[in-house]
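Peer 1: Quick one: the structure is below, and I'll ask about it shortly.
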Amino acid sequence: MLDTILVPYDGSDHSQRALSCAIQLADSTEPVTIIVLHAVQVVDSSDPSFLVAMKMAEASPLNLKDARSMFDQYIVEHEKEVKERIGEYFSSLPDNIDIKIVVVEGKPQEVIKEYAEDDQNEIKCIIMGRRGLGAIRGALGSVSFSVLHNVDLPIMLVR
């Protein structure tokens, strides 16, 4: 039984449809948890190109404590934004479905793989859009391609 479904979410139409599909598949009498996973990829502040951009913008470097505090606030804001975007789903959910939003720092394909394969999360399948908001798009998105080939769970790709 699919009692825990992971839906990687980036705000794209494909990820919206994947969430909708997960809700439809979970529409039964059994309890189901849908985990909406959003990866936040942050620029590495030690990257030379970042440092050059900071210098060109005449921005002063942040100390580590300030940077961490700003990032933590950024994660909180991102979680609120995801909740607002998928708010329409919360109002019409059957009683047996619980949606949990998780925002994690990292590259999307790595975050999805780690989260899905962590035994504590008890993920039974992944339902994800075949394309996302990435700048480079092929017939199959690079994140979905990576997950499809590197995660050992049932995966449904949604157009």
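FYI, nothing fancy with the structure tokens labels: chains A, B, ... in order, residues from 1 per chain, ligands from 1 as they appear.
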So that I can check the surroundings of Lys124 in chain A, please list as a tab-separated table (two decimals) with all heavy atoms, in the first residue's frame every protein, DNA and RNA residue that reaches within 6 Å of it, counting only C-alpha atoms and ignoring chain neighbours fewer than 6 positions away.
Peer 2:
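The resulting file, out-v4.tsv, is shown below:
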```tsv
chain	number	residue	atom	x	y	z
A	2	LEU	N	0.44	2.27	-0.70
A	2	LEU	CA	1.18	3.53	-0.78
A	2	LEU	C	0.77	4.44	0.38
A	2	LEU	O	-0.07	5.32	0.23
A	2	LEU	CB	0.90	4.23	-2.11
A	2	LEU	CG	1.29	3.48	-3.37
A	2	LEU	CD1	0.89	4.27	-4.60
A	2	LEU	CD2	2.77	3.18	-3.38
A	4	THR	N	2.99	6.33	2.17
A	4	THR	CA	3.85	7.50	2.22
A	4	THR	C	4.38	7.78	0.82
A	4	THR	O	5.16	7.01	0.27
A	4	THR	CB	5.03	7.31	3.19
A	4	THR	OG1	4.53	6.86	4.45
A	4	THR	CG2	5.79	8.61	3.40
A	5	ILE	N	3.95	8.90	0.25
A	5	ILE	CA	4.31	9.27	-1.12
A	5	ILE	C	5.16	10.53	-1.07
A	5	ILE	O	4.80	11.50	-0.41
A	5	ILE	CB	3.05	9.53	-1.97
A	5	ILE	CG1	2.15	8.28	-2.00
A	5	ILE	CG2	3.42	9.97	-3.38
A	5	ILE	CD1	0.78	8.53	-2.63
```
Peer 1: To one decimal place in Å, what is the distance between CA of Val143 in chain A and CA of Val7 in chain A?
Peer 2: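 So the answer is 12.9 Å.
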Peer 1: Rounded to one decimal in Å, what is the spacing between CA of Val103 in chain A and CA of Met70 in chain A?
Peer 2: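 Between these atoms lies a distance of 15.2 Å.
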Peer 1: One number please: CA of Glu110 in chain A to CA of Val32 in chain A, in Å, one decimal.
Peer 2: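 A separation of 24.6 Å between them.
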Peer 1: Find the residue from A:Gln24, A:Gln41, A:Ser69, A:Ser142 that sits nearest to Leu93 in chain A; use only C-alpha atoms when measuring.
Peer 2: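 Of all the options, A:Gln24 lies closest to Leu93 in chain A.
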Peer 1: Neighbouring residues of range 71-84 of chain A were defined as those with any atom within 8 Å, considering only C-alpha atoms; residues of the same chain fewer than 2 positions away were excluded. Please report them as a list in words.
Peer 2: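 Here the answer would be Gly11, His38, Val40, Ala67, Arg68, Ser69, Ile86, Gly87, Ile101, Val102, Val103 and Val104 of chain A.
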Peer 1: For the residues in the current selection, export all heavy atoms as an mmCIF file, in the first residue's frame.
Peer 2:
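Saved file selection37.cif follows:
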```
data_model
loop_
_atom_site.group_PDB
_atom_site.id
_atom_site.type_symbol
_atom_site.label_atom_id
_atom_site.label_comp_id
_atom_site.auth_asym_id
_atom_site.auth_seq_id
_atom_site.Cartn_x
_atom_site.Cartn_y
_atom_site.Cartn_z
ATOM 1 N N GLY A 11 7.381 24.174 -7.875
ATOM 2 C CA GLY A 11 6.457 25.223 -8.282
ATOM 3 C C GLY A 11 6.081 25.186 -9.749
ATOM 4 O O GLY A 11 5.225 25.949 -10.181
ATOM 5 N N HIS A 38 10.737 20.216 -1.132
ATOM 6 C CA HIS A 38 11.255 21.338 -1.926
ATOM 7 C C HIS A 38 12.722 21.538 -1.599
ATOM 8 O O HIS A 38 13.082 21.732 -0.438
ATOM 9 C CB HIS A 38 10.462 22.610 -1.620
ATOM 10 C CG HIS A 38 10.885 23.782 -2.432
ATOM 11 N ND1 HIS A 38 10.571 23.912 -3.755
ATOM 12 C CD2 HIS A 38 11.612 24.868 -2.107
ATOM 13 C CE1 HIS A 38 11.074 25.043 -4.215
ATOM 14 N NE2 HIS A 38 11.714 25.640 -3.223
ATOM 15 N N VAL A 40 16.134 23.688 -1.838
ATOM 16 C CA VAL A 40 16.610 25.049 -2.016
ATOM 17 C C VAL A 40 18.109 24.968 -2.272
ATOM 18 O O VAL A 40 18.862 24.527 -1.406
ATOM 19 C CB VAL A 40 16.343 25.912 -0.758
ATOM 20 C CG1 VAL A 40 16.911 27.300 -0.940
ATOM 21 C CG2 VAL A 40 14.862 25.958 -0.459
ATOM 22 N N ALA A 67 25.071 35.122 7.811
ATOM 23 C CA ALA A 67 24.693 34.344 6.627
ATOM 24 C C ALA A 67 23.787 33.175 7.023
ATOM 25 O O ALA A 67 22.777 32.901 6.375
ATOM 26 C CB ALA A 67 25.936 33.847 5.904
ATOM 27 N N ARG A 68 24.133 32.481 8.113
ATOM 28 C CA ARG A 68 23.322 31.333 8.554
ATOM 29 C C ARG A 68 21.932 31.796 8.985
ATOM 30 O O ARG A 68 20.926 31.176 8.673
ATOM 31 C CB ARG A 68 24.016 30.625 9.722
ATOM 32 C CG ARG A 68 23.351 29.348 10.167
ATOM 33 C CD ARG A 68 23.634 28.270 9.154
ATOM 34 N NE ARG A 68 22.388 27.760 8.617
ATOM 35 C CZ ARG A 68 22.297 26.880 7.644
ATOM 36 N NH1 ARG A 68 23.360 26.404 7.079
ATOM 37 N NH2 ARG A 68 21.158 26.468 7.201
ATOM 38 N N SER A 69 21.880 32.910 9.705
ATOM 39 C CA SER A 69 20.607 33.464 10.158
ATOM 40 C C SER A 69 19.731 33.848 8.959
ATOM 41 O O SER A 69 18.535 33.566 8.935
ATOM 42 C CB SER A 69 20.869 34.681 11.041
ATOM 43 O OG SER A 69 19.663 35.293 11.386
ATOM 44 N N ILE A 86 0.457 25.670 -2.691
ATOM 45 C CA ILE A 86 -0.347 24.439 -2.736
ATOM 46 C C ILE A 86 -1.559 24.524 -1.813
ATOM 47 O O ILE A 86 -2.226 23.531 -1.568
ATOM 48 C CB ILE A 86 0.504 23.183 -2.419
ATOM 49 C CG1 ILE A 86 1.021 23.195 -0.986
ATOM 50 C CG2 ILE A 86 1.642 23.047 -3.407
ATOM 51 C CD1 ILE A 86 1.685 21.910 -0.579
ATOM 52 N N GLY A 87 -1.839 25.719 -1.342
ATOM 53 C CA GLY A 87 -2.956 25.926 -0.422
ATOM 54 C C GLY A 87 -4.283 25.402 -0.931
ATOM 55 O O GLY A 87 -5.104 24.902 -0.165
ATOM 56 N N ILE A 101 5.037 19.372 4.434
ATOM 57 C CA ILE A 101 5.957 20.133 3.587
ATOM 58 C C ILE A 101 7.339 20.100 4.215
ATOM 59 O O ILE A 101 7.505 20.409 5.393
ATOM 60 C CB ILE A 101 5.473 21.582 3.414
ATOM 61 C CG1 ILE A 101 4.117 21.594 2.716
ATOM 62 C CG2 ILE A 101 6.491 22.398 2.618
ATOM 63 C CD1 ILE A 101 3.448 22.942 2.683
ATOM 64 N N VAL A 102 8.325 19.730 3.401
ATOM 65 C CA VAL A 102 9.702 19.667 3.866
ATOM 66 C C VAL A 102 10.555 20.502 2.910
ATOM 67 O O VAL A 102 10.521 20.288 1.702
ATOM 68 C CB VAL A 102 10.220 18.209 3.884
ATOM 69 C CG1 VAL A 102 11.679 18.161 4.309
ATOM 70 C CG2 VAL A 102 9.360 17.337 4.787
ATOM 71 N N VAL A 103 11.291 21.461 3.458
ATOM 72 C CA VAL A 103 12.203 22.277 2.662
ATOM 73 C C VAL A 103 13.617 21.946 3.120
ATOM 74 O O VAL A 103 13.923 22.014 4.309
ATOM 75 C CB VAL A 103 11.915 23.788 2.833
ATOM 76 C CG1 VAL A 103 12.892 24.620 2.023
ATOM 77 C CG2 VAL A 103 10.478 24.106 2.432
ATOM 78 N N VAL A 104 14.457 21.547 2.150
ATOM 79 C CA VAL A 104 15.803 21.100 2.470
ATOM 80 C C VAL A 104 16.808 21.824 1.576
ATOM 81 O O VAL A 104 16.536 22.073 0.402
ATOM 82 C CB VAL A 104 15.933 19.569 2.266
ATOM 83 C CG1 VAL A 104 17.318 19.080 2.613
ATOM 84 C CG2 VAL A 104 14.899 18.830 3.091
#
```
Peer 1: Give me the residues near Asp118 in chain A as an mmCIF file with all heavy atoms, in the first residue's frame, where near means some atom within 12 Å (using only C-alpha atoms) and where sequence neighbours in that chain fewer than 4 positions away do not count.
Peer 2:
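Output below, filename part_22.cif:
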```
data_model
loop_
_atom_site.group_PDB
_atom_site.id
_atom_site.type_symbol
_atom_site.label_atom_id
_atom_site.label_comp_id
_atom_site.auth_asym_id
_atom_site.auth_seq_id
_atom_site.Cartn_x
_atom_site.Cartn_y
_atom_site.Cartn_z
ATOM 1 N N LEU A 6 6.264 10.513 -1.801
ATOM 2 C CA LEU A 6 7.134 11.686 -1.889
ATOM 3 C C LEU A 6 6.853 12.418 -3.199
ATOM 4 O O LEU A 6 6.861 11.809 -4.267
ATOM 5 C CB LEU A 6 8.603 11.265 -1.841
ATOM 6 C CG LEU A 6 9.640 12.386 -1.927
ATOM 7 C CD1 LEU A 6 9.535 13.311 -0.712
ATOM 8 C CD2 LEU A 6 11.042 11.808 -2.034
ATOM 9 N N VAL A 111 18.993 15.853 -2.909
ATOM 10 C CA VAL A 111 18.046 15.961 -1.800
ATOM 11 C C VAL A 111 16.957 14.897 -1.931
ATOM 12 O O VAL A 111 16.613 14.213 -0.966
ATOM 13 C CB VAL A 111 17.416 17.375 -1.755
ATOM 14 C CG1 VAL A 111 16.202 17.417 -0.860
ATOM 15 C CG2 VAL A 111 18.452 18.393 -1.309
ATOM 16 N N ILE A 112 16.423 14.735 -3.144
ATOM 17 C CA ILE A 112 15.361 13.751 -3.381
ATOM 18 C C ILE A 112 15.868 12.352 -3.087
ATOM 19 O O ILE A 112 15.219 11.567 -2.385
ATOM 20 C CB ILE A 112 14.825 13.855 -4.822
ATOM 21 C CG1 ILE A 112 14.155 15.214 -5.045
ATOM 22 C CG2 ILE A 112 13.857 12.711 -5.127
ATOM 23 C CD1 ILE A 112 13.914 15.566 -6.500
ATOM 24 N N LYS A 113 17.042 12.020 -3.622
ATOM 25 C CA LYS A 113 17.614 10.678 -3.415
ATOM 26 C C LYS A 113 17.830 10.399 -1.927
ATOM 27 O O LYS A 113 17.422 9.352 -1.426
ATOM 28 C CB LYS A 113 18.929 10.550 -4.184
ATOM 29 C CG LYS A 113 19.617 9.199 -4.036
ATOM 30 C CD LYS A 113 20.894 9.164 -4.851
ATOM 31 C CE LYS A 113 21.712 7.921 -4.750
ATOM 32 N NZ LYS A 113 21.287 6.799 -4.027
ATOM 33 N N GLU A 114 18.474 11.330 -1.227
ATOM 34 C CA GLU A 114 18.759 11.128 0.201
ATOM 35 C C GLU A 114 17.477 10.991 1.010
ATOM 36 O O GLU A 114 17.365 10.116 1.872
ATOM 37 C CB GLU A 114 19.600 12.284 0.742
ATOM 38 C CG GLU A 114 21.036 12.255 0.271
ATOM 39 C CD GLU A 114 21.811 13.498 0.683
ATOM 40 O OE1 GLU A 114 21.384 14.199 1.640
ATOM 41 O OE2 GLU A 114 22.845 13.782 0.046
ATOM 42 N N GLU A 122 10.304 6.298 5.392
ATOM 43 C CA GLU A 122 9.387 5.238 4.956
ATOM 44 C C GLU A 122 8.663 5.567 3.642
ATOM 45 O O GLU A 122 7.476 5.312 3.491
ATOM 46 C CB GLU A 122 8.377 4.921 6.048
ATOM 47 C CG GLU A 122 9.028 4.442 7.331
ATOM 48 C CD GLU A 122 8.034 4.170 8.448
ATOM 49 O OE1 GLU A 122 6.856 4.562 8.329
ATOM 50 O OE2 GLU A 122 8.450 3.561 9.434
ATOM 51 N N ILE A 123 9.392 6.128 2.674
ATOM 52 C CA ILE A 123 8.813 6.477 1.383
ATOM 53 C C ILE A 123 8.532 5.190 0.598
ATOM 54 O O ILE A 123 9.402 4.331 0.473
ATOM 55 C CB ILE A 123 9.771 7.391 0.577
ATOM 56 C CG1 ILE A 123 10.129 8.646 1.367
ATOM 57 C CG2 ILE A 123 9.184 7.723 -0.795
ATOM 58 C CD1 ILE A 123 8.976 9.538 1.721
ATOM 59 N N LYS A 124 7.318 5.101 0.059
ATOM 60 C CA LYS A 124 6.931 3.925 -0.720
ATOM 61 C C LYS A 124 7.051 4.169 -2.220
ATOM 62 O O LYS A 124 7.270 3.250 -2.992
ATOM 63 C CB LYS A 124 5.493 3.508 -0.398
ATOM 64 C CG LYS A 124 5.262 3.152 1.054
ATOM 65 C CD LYS A 124 6.082 1.934 1.471
ATOM 66 C CE LYS A 124 5.741 1.450 2.845
ATOM 67 N NZ LYS A 124 6.274 2.205 3.943
ATOM 68 N N VAL A 151 17.483 6.173 -7.876
ATOM 69 C CA VAL A 151 16.698 5.844 -6.689
ATOM 70 C C VAL A 151 15.992 4.520 -6.915
ATOM 71 O O VAL A 151 15.357 4.306 -7.955
ATOM 72 C CB VAL A 151 15.665 6.960 -6.384
ATOM 73 C CG1 VAL A 151 14.798 6.571 -5.202
ATOM 74 C CG2 VAL A 151 16.371 8.279 -6.109
ATOM 75 N N ASP A 152 16.117 3.639 -5.945
ATOM 76 C CA ASP A 152 15.548 2.299 -6.069
ATOM 77 C C ASP A 152 14.174 2.217 -5.407
ATOM 78 O O ASP A 152 13.990 1.521 -4.409
ATOM 79 C CB ASP A 152 16.509 1.276 -5.456
ATOM 80 C CG ASP A 152 16.132 -0.154 -5.814
ATOM 81 O OD1 ASP A 152 15.485 -0.357 -6.857
ATOM 82 O OD2 ASP A 152 16.485 -1.069 -5.044
ATOM 83 N N LEU A 153 13.230 2.981 -5.961
ATOM 84 C CA LEU A 153 11.837 2.990 -5.496
ATOM 85 C C LEU A 153 10.946 3.117 -6.721
ATOM 86 O O LEU A 153 11.398 3.590 -7.770
ATOM 87 C CB LEU A 153 11.574 4.205 -4.596
ATOM 88 C CG LEU A 153 12.062 4.161 -3.168
ATOM 89 C CD1 LEU A 153 11.902 5.547 -2.528
ATOM 90 C CD2 LEU A 153 11.322 3.135 -2.354
#
```
Peer 1: In terms of the shortest atom-to-atom distance over only C-alpha atoms, which of A:Ser12, A:Pro154, A:Tyr115, A:Ser20 is closest to Ile99 in chain A?
Peer 2: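 When distances to Ile99 in chain A are compared using only C-alpha atoms, the smallest one comes from A:Ser20.
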